[in-house]
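Engineer: File model21.pdb below, PDB, C-alpha atoms:
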```pdb
ATOM      1  CA  MET A   1     -24.114  25.800  34.895  1.00  0.00           C
ATOM      2  CA  ARG A   2     -26.609  28.561  34.137  1.00  0.00           C
ATOM      3  CA  SER A   3     -25.918  28.210  30.414  1.00  0.00           C
ATOM      4  CA  LEU A   4     -26.447  24.436  30.599  1.00  0.00           C
ATOM      5  CA  LEU A   5     -29.798  24.866  32.354  1.00  0.00           C
ATOM      6  CA  ALA A   6     -30.924  27.443  29.807  1.00  0.00           C
ATOM      7  CA  GLU A   7     -30.012  25.136  26.931  1.00  0.00           C
ATOM      8  CA  MET A   8     -31.760  22.162  28.551  1.00  0.00           C
ATOM      9  CA  ARG A   9     -34.944  24.239  28.973  1.00  0.00           C
ATOM     10  CA  ALA A  10     -34.707  25.350  25.337  1.00  0.00           C
ATOM     11  CA  VAL A  11     -34.305  21.741  24.168  1.00  0.00           C
ATOM     12  CA  MET A  12     -37.338  20.630  26.194  1.00  0.00           C
ATOM     13  CA  ARG A  13     -39.442  23.513  24.839  1.00  0.00           C
ATOM     14  CA  GLY A  14     -38.305  22.682  21.318  1.00  0.00           C
ATOM     15  CA  MET A  15     -39.141  19.008  21.726  1.00  0.00           C
ATOM     16  CA  HIS A  16     -42.646  19.795  22.911  1.00  0.00           C
ATOM     17  CA  SER A  17     -43.068  22.780  20.598  1.00  0.00           C
ATOM     18  CA  GLY A  18     -45.410  24.397  23.104  1.00  0.00           C
ATOM     19  CA  HIS A  19     -48.336  22.240  22.019  1.00  0.00           C
ATOM     20  CA  GLY A  20     -49.547  18.731  22.434  1.00  0.00           C
ATOM     21  CA  PHE A  21     -49.152  15.600  20.399  1.00  0.00           C
ATOM     22  CA  ARG A  22     -51.822  13.953  18.269  1.00  0.00           C
ATOM     23  CA  PHE A  23     -53.023  10.549  19.423  1.00  0.00           C
ATOM     24  CA  ALA A  24     -55.958   8.869  17.707  1.00  0.00           C
ATOM     25  CA  GLY A  25     -57.643  12.160  16.863  1.00  0.00           C
ATOM     26  CA  PHE A  26     -56.975  13.749  20.259  1.00  0.00           C
ATOM     27  CA  THR A  27     -54.317  16.154  21.458  1.00  0.00           C
ATOM     28  CA  VAL A  28     -52.375  15.034  24.517  1.00  0.00           C
ATOM     29  CA  GLY A  29     -49.880  17.143  26.434  1.00  0.00           C
ATOM     30  CA  PRO A  30     -46.318  16.094  27.268  1.00  0.00           C
ATOM     31  CA  PRO A  31     -47.228  14.558  30.673  1.00  0.00           C
ATOM     32  CA  GLN A  32     -50.062  12.554  29.107  1.00  0.00           C
ATOM     33  CA  ALA A  33     -47.756  11.429  26.303  1.00  0.00           C
ATOM     34  CA  ARG A  34     -45.233  10.251  28.889  1.00  0.00           C
ATOM     35  CA  ILE A  35     -48.010   8.391  30.729  1.00  0.00           C
ATOM     36  CA  LEU A  36     -49.110   6.684  27.502  1.00  0.00           C
ATOM     37  CA  PHE A  37     -45.553   5.572  26.728  1.00  0.00           C
ATOM     38  CA  TYR A  38     -45.104   4.204  30.231  1.00  0.00           C
ATOM     39  CA  ILE A  39     -48.440   2.374  30.242  1.00  0.00           C
ATOM     40  CA  ALA A  40     -47.736   0.928  26.790  1.00  0.00           C
ATOM     41  CA  SER A  41     -44.505  -0.581  28.154  1.00  0.00           C
ATOM     42  CA  LYS A  42     -46.435  -2.354  30.942  1.00  0.00           C
ATOM     43  CA  PRO A  43     -48.953  -4.861  29.506  1.00  0.00           C
ATOM     44  CA  ASP A  44     -50.248  -5.686  33.003  1.00  0.00           C
ATOM     45  CA  GLY A  45     -51.006  -2.005  33.610  1.00  0.00           C
ATOM     46  CA  VAL A  46     -49.617   0.392  36.179  1.00  0.00           C
ATOM     47  CA  SER A  47     -50.813   1.894  39.415  1.00  0.00           C
ATOM     48  CA  VAL A  48     -51.397   5.582  40.008  1.00  0.00           C
ATOM     49  CA  LYS A  49     -48.637   5.402  42.618  1.00  0.00           C
ATOM     50  CA  ASP A  50     -46.158   4.087  40.009  1.00  0.00           C
ATOM     51  CA  LEU A  51     -47.118   6.845  37.582  1.00  0.00           C
ATOM     52  CA  ALA A  52     -46.801   9.517  40.276  1.00  0.00           C
ATOM     53  CA  GLU A  53     -43.317   8.265  41.085  1.00  0.00           C
ATOM     54  CA  ILE A  54     -42.123   8.169  37.468  1.00  0.00           C
ATOM     55  CA  LEU A  55     -43.532  11.654  36.783  1.00  0.00           C
ATOM     56  CA  SER A  56     -42.406  13.079  40.147  1.00  0.00           C
ATOM     57  CA  VAL A  57     -45.883  14.479  40.830  1.00  0.00           C
ATOM     58  CA  THR A  58     -48.639  13.753  43.328  1.00  0.00           C
ATOM     59  CA  SER A  59     -51.156  10.944  42.924  1.00  0.00           C
ATOM     60  CA  GLY A  60     -53.829  13.640  42.645  1.00  0.00           C
ATOM     61  CA  ALA A  61     -52.085  15.170  39.626  1.00  0.00           C
ATOM     62  CA  VAL A  62     -51.803  11.740  37.989  1.00  0.00           C
ATOM     63  CA  THR A  63     -55.500  11.127  38.626  1.00  0.00           C
ATOM     64  CA  GLN A  64     -56.331  14.330  36.733  1.00  0.00           C
ATOM     65  CA  PHE A  65     -54.179  13.253  33.774  1.00  0.00           C
ATOM     66  CA  ILE A  66     -55.734   9.774  33.831  1.00  0.00           C
ATOM     67  CA  ASP A  67     -59.275  11.177  34.030  1.00  0.00           C
ATOM     68  CA  ALA A  68     -58.646  13.157  30.834  1.00  0.00           C
ATOM     69  CA  LEU A  69     -57.220  10.070  29.086  1.00  0.00           C
ATOM     70  CA  VAL A  70     -60.198   7.959  30.237  1.00  0.00           C
ATOM     71  CA  GLU A  71     -62.588  10.597  28.826  1.00  0.00           C
ATOM     72  CA  LYS A  72     -60.786  10.345  25.482  1.00  0.00           C
ATOM     73  CA  GLY A  73     -61.081   6.546  25.543  1.00  0.00           C
ATOM     74  CA  LEU A  74     -57.315   6.046  25.574  1.00  0.00           C
ATOM     75  CA  VAL A  75     -56.894   4.345  28.960  1.00  0.00           C
ATOM     76  CA  ARG A  76     -59.092   2.367  31.326  1.00  0.00           C
ATOM     77  CA  ARG A  77     -59.005   1.511  35.000  1.00  0.00           C
ATOM     78  CA  GLU A  78     -59.186  -2.158  36.015  1.00  0.00           C
ATOM     79  CA  GLU A  79     -59.154  -3.865  39.374  1.00  0.00           C
ATOM     80  CA  ASP A  80     -55.865  -5.592  40.115  1.00  0.00           C
ATOM     81  CA  GLN A  81     -56.400  -9.350  39.919  1.00  0.00           C
ATOM     82  CA  ASN A  82     -54.254  -9.934  43.005  1.00  0.00           C
ATOM     83  CA  ASP A  83     -55.483  -7.042  45.131  1.00  0.00           C
ATOM     84  CA  ARG A  84     -58.950  -5.635  44.547  1.00  0.00           C
ATOM     85  CA  ARG A  85     -58.063  -2.479  46.468  1.00  0.00           C
ATOM     86  CA  LEU A  86     -55.684  -1.478  43.672  1.00  0.00           C
ATOM     87  CA  LEU A  87     -56.564  -0.148  40.255  1.00  0.00           C
ATOM     88  CA  ARG A  88     -54.361  -0.809  37.249  1.00  0.00           C
ATOM     89  CA  ILE A  89     -54.258   1.722  34.420  1.00  0.00           C
ATOM     90  CA  LYS A  90     -54.097   0.144  30.957  1.00  0.00           C
ATOM     91  CA  LEU A  91     -54.355   1.302  27.370  1.00  0.00           C
ATOM     92  CA  THR A  92     -57.741   0.648  25.813  1.00  0.00           C
ATOM     93  CA  ASP A  93     -57.771  -1.754  22.871  1.00  0.00           C
ATOM     94  CA  TYR A  94     -58.352   1.242  20.599  1.00  0.00           C
ATOM     95  CA  ALA A  95     -55.346   3.145  22.007  1.00  0.00           C
ATOM     96  CA  GLY A  96     -53.223   0.007  21.798  1.00  0.00           C
ATOM     97  CA  SER A  97     -54.044  -0.354  18.114  1.00  0.00           C
ATOM     98  CA  LYS A  98     -53.063   3.288  17.478  1.00  0.00           C
ATOM     99  CA  PHE A  99     -49.988   3.405  19.698  1.00  0.00           C
ATOM    100  CA  ASN A 100     -47.337   2.614  17.050  1.00  0.00           C
ATOM    101  CA  GLU A 101     -48.712   5.381  14.832  1.00  0.00           C
ATOM    102  CA  PHE A 102     -48.582   7.795  17.774  1.00  0.00           C
ATOM    103  CA  LYS A 103     -45.046   6.694  18.652  1.00  0.00           C
ATOM    104  CA  LYS A 104     -43.801   7.396  15.109  1.00  0.00           C
ATOM    105  CA  GLY A 105     -45.372  10.858  15.085  1.00  0.00           C
ATOM    106  CA  TYR A 106     -44.071  11.654  18.548  1.00  0.00           C
ATOM    107  CA  PHE A 107     -40.497  10.701  17.684  1.00  0.00           C
ATOM    108  CA  ALA A 108     -40.674  12.589  14.375  1.00  0.00           C
ATOM    109  CA  THR A 109     -41.735  15.743  16.248  1.00  0.00           C
ATOM    110  CA  VAL A 110     -39.152  15.353  18.999  1.00  0.00           C
ATOM    111  CA  SER A 111     -36.291  14.382  16.684  1.00  0.00           C
ATOM    112  CA  ARG A 112     -36.499  17.659  14.749  1.00  0.00           C
ATOM    113  CA  VAL A 113     -34.721  19.321  17.684  1.00  0.00           C
ATOM    114  CA  PHE A 114     -31.727  17.049  17.121  1.00  0.00           C
ATOM    115  CA  SER A 115     -31.745  17.020  13.315  1.00  0.00           C
ATOM    116  CA  SER A 116     -28.656  19.270  13.157  1.00  0.00           C
ATOM    117  CA  LEU A 117     -26.578  16.696  15.085  1.00  0.00           C
ATOM    118  CA  SER A 118     -24.674  13.910  13.387  1.00  0.00           C
ATOM    119  CA  ASP A 119     -25.165  10.309  14.476  1.00  0.00           C
ATOM    120  CA  GLU A 120     -21.820  10.496  16.282  1.00  0.00           C
ATOM    121  CA  GLU A 121     -22.843  13.682  18.119  1.00  0.00           C
ATOM    122  CA  ILE A 122     -26.116  12.064  19.196  1.00  0.00           C
ATOM    123  CA  LEU A 123     -24.168   9.106  20.591  1.00  0.00           C
ATOM    124  CA  GLN A 124     -21.829  11.506  22.422  1.00  0.00           C
ATOM    125  CA  LEU A 125     -24.742  13.483  23.860  1.00  0.00           C
ATOM    126  CA  THR A 126     -26.431  10.272  24.965  1.00  0.00           C
ATOM    127  CA  ALA A 127     -23.248   9.066  26.667  1.00  0.00           C
ATOM    128  CA  LEU A 128     -22.817  12.399  28.462  1.00  0.00           C
ATOM    129  CA  LEU A 129     -26.419  12.427  29.674  1.00  0.00           C
ATOM    130  CA  LYS A 130     -26.044   8.865  30.984  1.00  0.00           C
ATOM    131  CA  LYS A 131     -23.131  10.104  33.105  1.00  0.00           C
ATOM    132  CA  ALA A 132     -25.325  12.699  34.813  1.00  0.00           C
ATOM    133  CA  ASN A 133     -26.134  11.928  38.439  1.00  0.00           C
ATOM    134  CA  ILE A 134     -29.887  11.381  38.094  1.00  0.00           C
ATOM    135  CA  PRO A 135     -31.707   9.735  41.026  1.00  0.00           C
ATOM    136  CA  SER A 136     -32.865   6.216  40.156  1.00  0.00           C
ATOM    137  CA  ASN A 137     -36.521   7.016  40.918  1.00  0.00           C
ATOM    138  CA  ILE A 138     -36.443   9.709  38.191  1.00  0.00           C
ATOM    139  CA  LYS A 139     -34.792   7.665  35.444  1.00  0.00           C
ATOM    140  CA  GLU A 140     -37.143   5.943  33.062  1.00  0.00           C
ATOM    141  CA  PRO A 141     -36.570   2.272  32.406  1.00  0.00           C
ATOM    142  CA  ASP A 142     -34.772   1.432  29.170  1.00  0.00           C
ATOM    143  CA  LYS A 143     -37.206   0.940  26.327  1.00  0.00           C
TER
END
```
For the structure just supplied, provide its representation as structure tokens.

Structural biologist:
Amino acid sequence: MRSLLAEMRAVMRGMHSGHGFRFAGFTVGPPQARILFYIASKPDGVSVKDLAEILSVTSGAVTQFIDALVEKGLVRREEDQNDRRLLRIKLTDYAGSKFNEFKKGYFATVSRVFSSLSDEEILQLTALLKKANIPSNIKEPDK
């Protein structure tokens, strides 16, 4: 088990290469990148509560990440049309227009870690990871 955990940490470090990812002229860290991917998959926007749950962090931590993305002009806060007490986080039009470019660069960076695996080995690894007992509130929705 210890060896597995060490290898998983090494894979995660390799995927993120210790630095951020470029998005529309800005550098975003891994949590912000994950937030951008999640928001991009939700055209109606997401709540801070939803983001906190998917990231397994506090709402306060999410607010800090969102504040930084708002400053960069990548996301905006909007009142929920059904409940004015709620704010929805959405990509700005500018970020939306740059998202596919970001996605390609992100996957190119991350995929280098797995470049030594054959297609069959990647399928096997994927199948094994799907068998892991991961709580449903941690799993990301299929993209």

Engineer: So which residues touch A:Leu86 within 12 Å, counting all atoms listed in the file, skipping near sequence neighbours fewer than 5 positions away, as an mmCIF file with C-alpha atoms, keeping the file's coordinate frame?

Structural biologist:
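Below is the file that was written, out_11.cif:
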```
data_model
loop_
_atom_site.group_PDB
_atom_site.id
_atom_site.type_symbol
_atom_site.label_atom_id
_atom_site.label_comp_id
_atom_site.auth_asym_id
_atom_site.auth_seq_id
_atom_site.Cartn_x
_atom_site.Cartn_y
_atom_site.Cartn_z
ATOM 1 C CA GLY A 45 -51.006 -2.005 33.610
ATOM 2 C CA VAL A 46 -49.617 0.392 36.179
ATOM 3 C CA SER A 47 -50.813 1.894 39.415
ATOM 4 C CA VAL A 48 -51.397 5.582 40.008
ATOM 5 C CA LYS A 49 -48.637 5.402 42.618
ATOM 6 C CA ASP A 50 -46.158 4.087 40.009
ATOM 7 C CA ARG A 77 -59.005 1.511 35.000
ATOM 8 C CA GLU A 78 -59.186 -2.158 36.015
ATOM 9 C CA GLU A 79 -59.154 -3.865 39.374
ATOM 10 C CA ASP A 80 -55.865 -5.592 40.115
ATOM 11 C CA GLN A 81 -56.400 -9.350 39.919
#
```

Engineer: Kindly indicate which residue among A:Val70, A:Met15, A:Ala10, A:Phe23 lies nearest to A:Phe99, using all atoms listed in the file for the distances.

Structural biologist: A:Phe23

Engineer: Figure out the distance between atom CA of A:Leu117 and atom CA of A:Leu4, please, to one decimal in Å.

Structural biologist: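 Computing it gives 17.3 Å between the two atoms.
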
Engineer: Restrict the calculation to all atoms listed in the file, then for each residue of stretch 70-111 of chain A with any atom at most 10 Å from an atom of stretch 36-44 of chain A give the closest atom pair and their distance in Å to one decimal, rows by chain and rising residue number, as a Markdown table.

Structural biologist:
```
| residue | atom | partner | partner_atom | distance |
| --- | --- | --- | --- | --- |
| A:Leu74 | CA | A:Leu36 | CA | 8.5 |
| A:Val75 | CA | A:Leu36 | CA | 8.3 |
| A:Asp80 | CA | A:Asp44 | CA | 9.1 |
| A:Gln81 | CA | A:Asp44 | CA | 10.0 |
| A:Arg88 | CA | A:Asp44 | CA | 7.7 |
| A:Ile89 | CA | A:Ile39 | CA | 7.2 |
| A:Lys90 | CA | A:Ile39 | CA | 6.1 |
| A:Leu91 | CA | A:Ala40 | CA | 6.7 |
| A:Ala95 | CA | A:Leu36 | CA | 9.0 |
| A:Gly96 | CA | A:Ala40 | CA | 7.5 |
| A:Phe99 | CA | A:Ala40 | CA | 7.8 |
| A:Asn100 | CA | A:Ala40 | CA | 9.9 |
| A:Phe102 | CA | A:Phe37 | CA | 9.7 |
| A:Lys103 | CA | A:Phe37 | CA | 8.2 |
```

Engineer: Need the axis-aligned box for stretch 51-59 of chain A with 4 Å each side, so what are the centre and edges in Å to one decimal, as lines of an AutoDock Vina configuration file?

Structural biologist:
```
center_x = -46.6
center_y = 10.7
center_z = 40.1
size_x = 17.0
size_y = 15.6
size_z = 14.5
```

Engineer: Of the residues A:Ala6, A:Ala24, A:Val11, A:Val57, which is the one nearest to A:Glu101, using all atoms listed in the file?

Structural biologist: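 Smallest distance to A:Glu101 is found for A:Ala24.
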
Engineer: Which residue gives the smallest distance to A:Arg34 among A:Leu55, A:Ala132, A:Ala61, A:Ala108, with all atoms listed in the file counted?

Structural biologist: A:Leu55

Engineer: Find the distance between atom CA of A:Ala127 and atom CA of A:Arg112 and write it in Å to one decimal.

Structural biologist: 19.8 Å

Engineer: Quick one: distance from atom CA of A:Ser56 to atom CA of A:Glu71 in Å, one decimal?

Structural biologist: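 That distance, rounded to one decimal, is 23.3 Å.
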
Engineer: Write out N, CA and C atoms for stretch 58-74 of chain A, as a compact mmCIF listing (two decimals), in the frame of the given file.

Structural biologist:
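As written to disk, result31.txt reads:
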```
# COMPACT_ATOMS: atom_id res chain seq x y z
N THR A 58 -47.76 14.39 42.35
CA THR A 58 -48.64 13.75 43.33
C THR A 58 -49.60 12.77 42.65
N SER A 59 -50.15 11.88 43.44
CA SER A 59 -51.16 10.94 42.92
C SER A 59 -52.38 11.70 42.42
N GLY A 60 -52.70 12.82 43.08
CA GLY A 60 -53.83 13.64 42.64
C GLY A 60 -53.62 14.20 41.25
N ALA A 61 -52.40 14.64 40.96
CA ALA A 61 -52.08 15.17 39.63
C ALA A 61 -52.22 14.06 38.58
N VAL A 62 -51.70 12.87 38.91
CA VAL A 62 -51.80 11.74 37.99
C VAL A 62 -53.27 11.41 37.73
N THR A 63 -54.08 11.43 38.78
CA THR A 63 -55.50 11.13 38.63
C THR A 63 -56.15 12.09 37.64
N GLN A 64 -55.79 13.36 37.69
CA GLN A 64 -56.33 14.33 36.73
C GLN A 64 -55.91 13.99 35.31
N PHE A 65 -54.65 13.64 35.11
CA PHE A 65 -54.18 13.25 33.77
C PHE A 65 -54.92 12.01 33.29
N ILE A 66 -55.07 11.03 34.19
CA ILE A 66 -55.73 9.77 33.83
C ILE A 66 -57.20 10.03 33.51
N ASP A 67 -57.87 10.86 34.30
CA ASP A 67 -59.28 11.18 34.03
C ASP A 67 -59.45 11.70 32.60
N ALA A 68 -58.56 12.59 32.19
CA ALA A 68 -58.65 13.16 30.83
C ALA A 68 -58.42 12.07 29.78
N LEU A 69 -57.48 11.16 30.04
CA LEU A 69 -57.22 10.07 29.09
C LEU A 69 -58.37 9.07 29.05
N VAL A 70 -59.02 8.84 30.19
CA VAL A 70 -60.20 7.96 30.24
C VAL A 70 -61.33 8.59 29.41
N GLU A 71 -61.54 9.90 29.59
CA GLU A 71 -62.59 10.60 28.83
C GLU A 71 -62.37 10.47 27.32
N LYS A 72 -61.11 10.45 26.91
CA LYS A 72 -60.79 10.34 25.48
C LYS A 72 -60.82 8.90 25.00
N GLY A 73 -61.03 7.96 25.92
CA GLY A 73 -61.08 6.55 25.54
C GLY A 73 -59.72 5.94 25.26
N LEU A 74 -58.66 6.54 25.84
CA LEU A 74 -57.32 6.05 25.57
C LEU A 74 -56.79 5.11 26.66
```
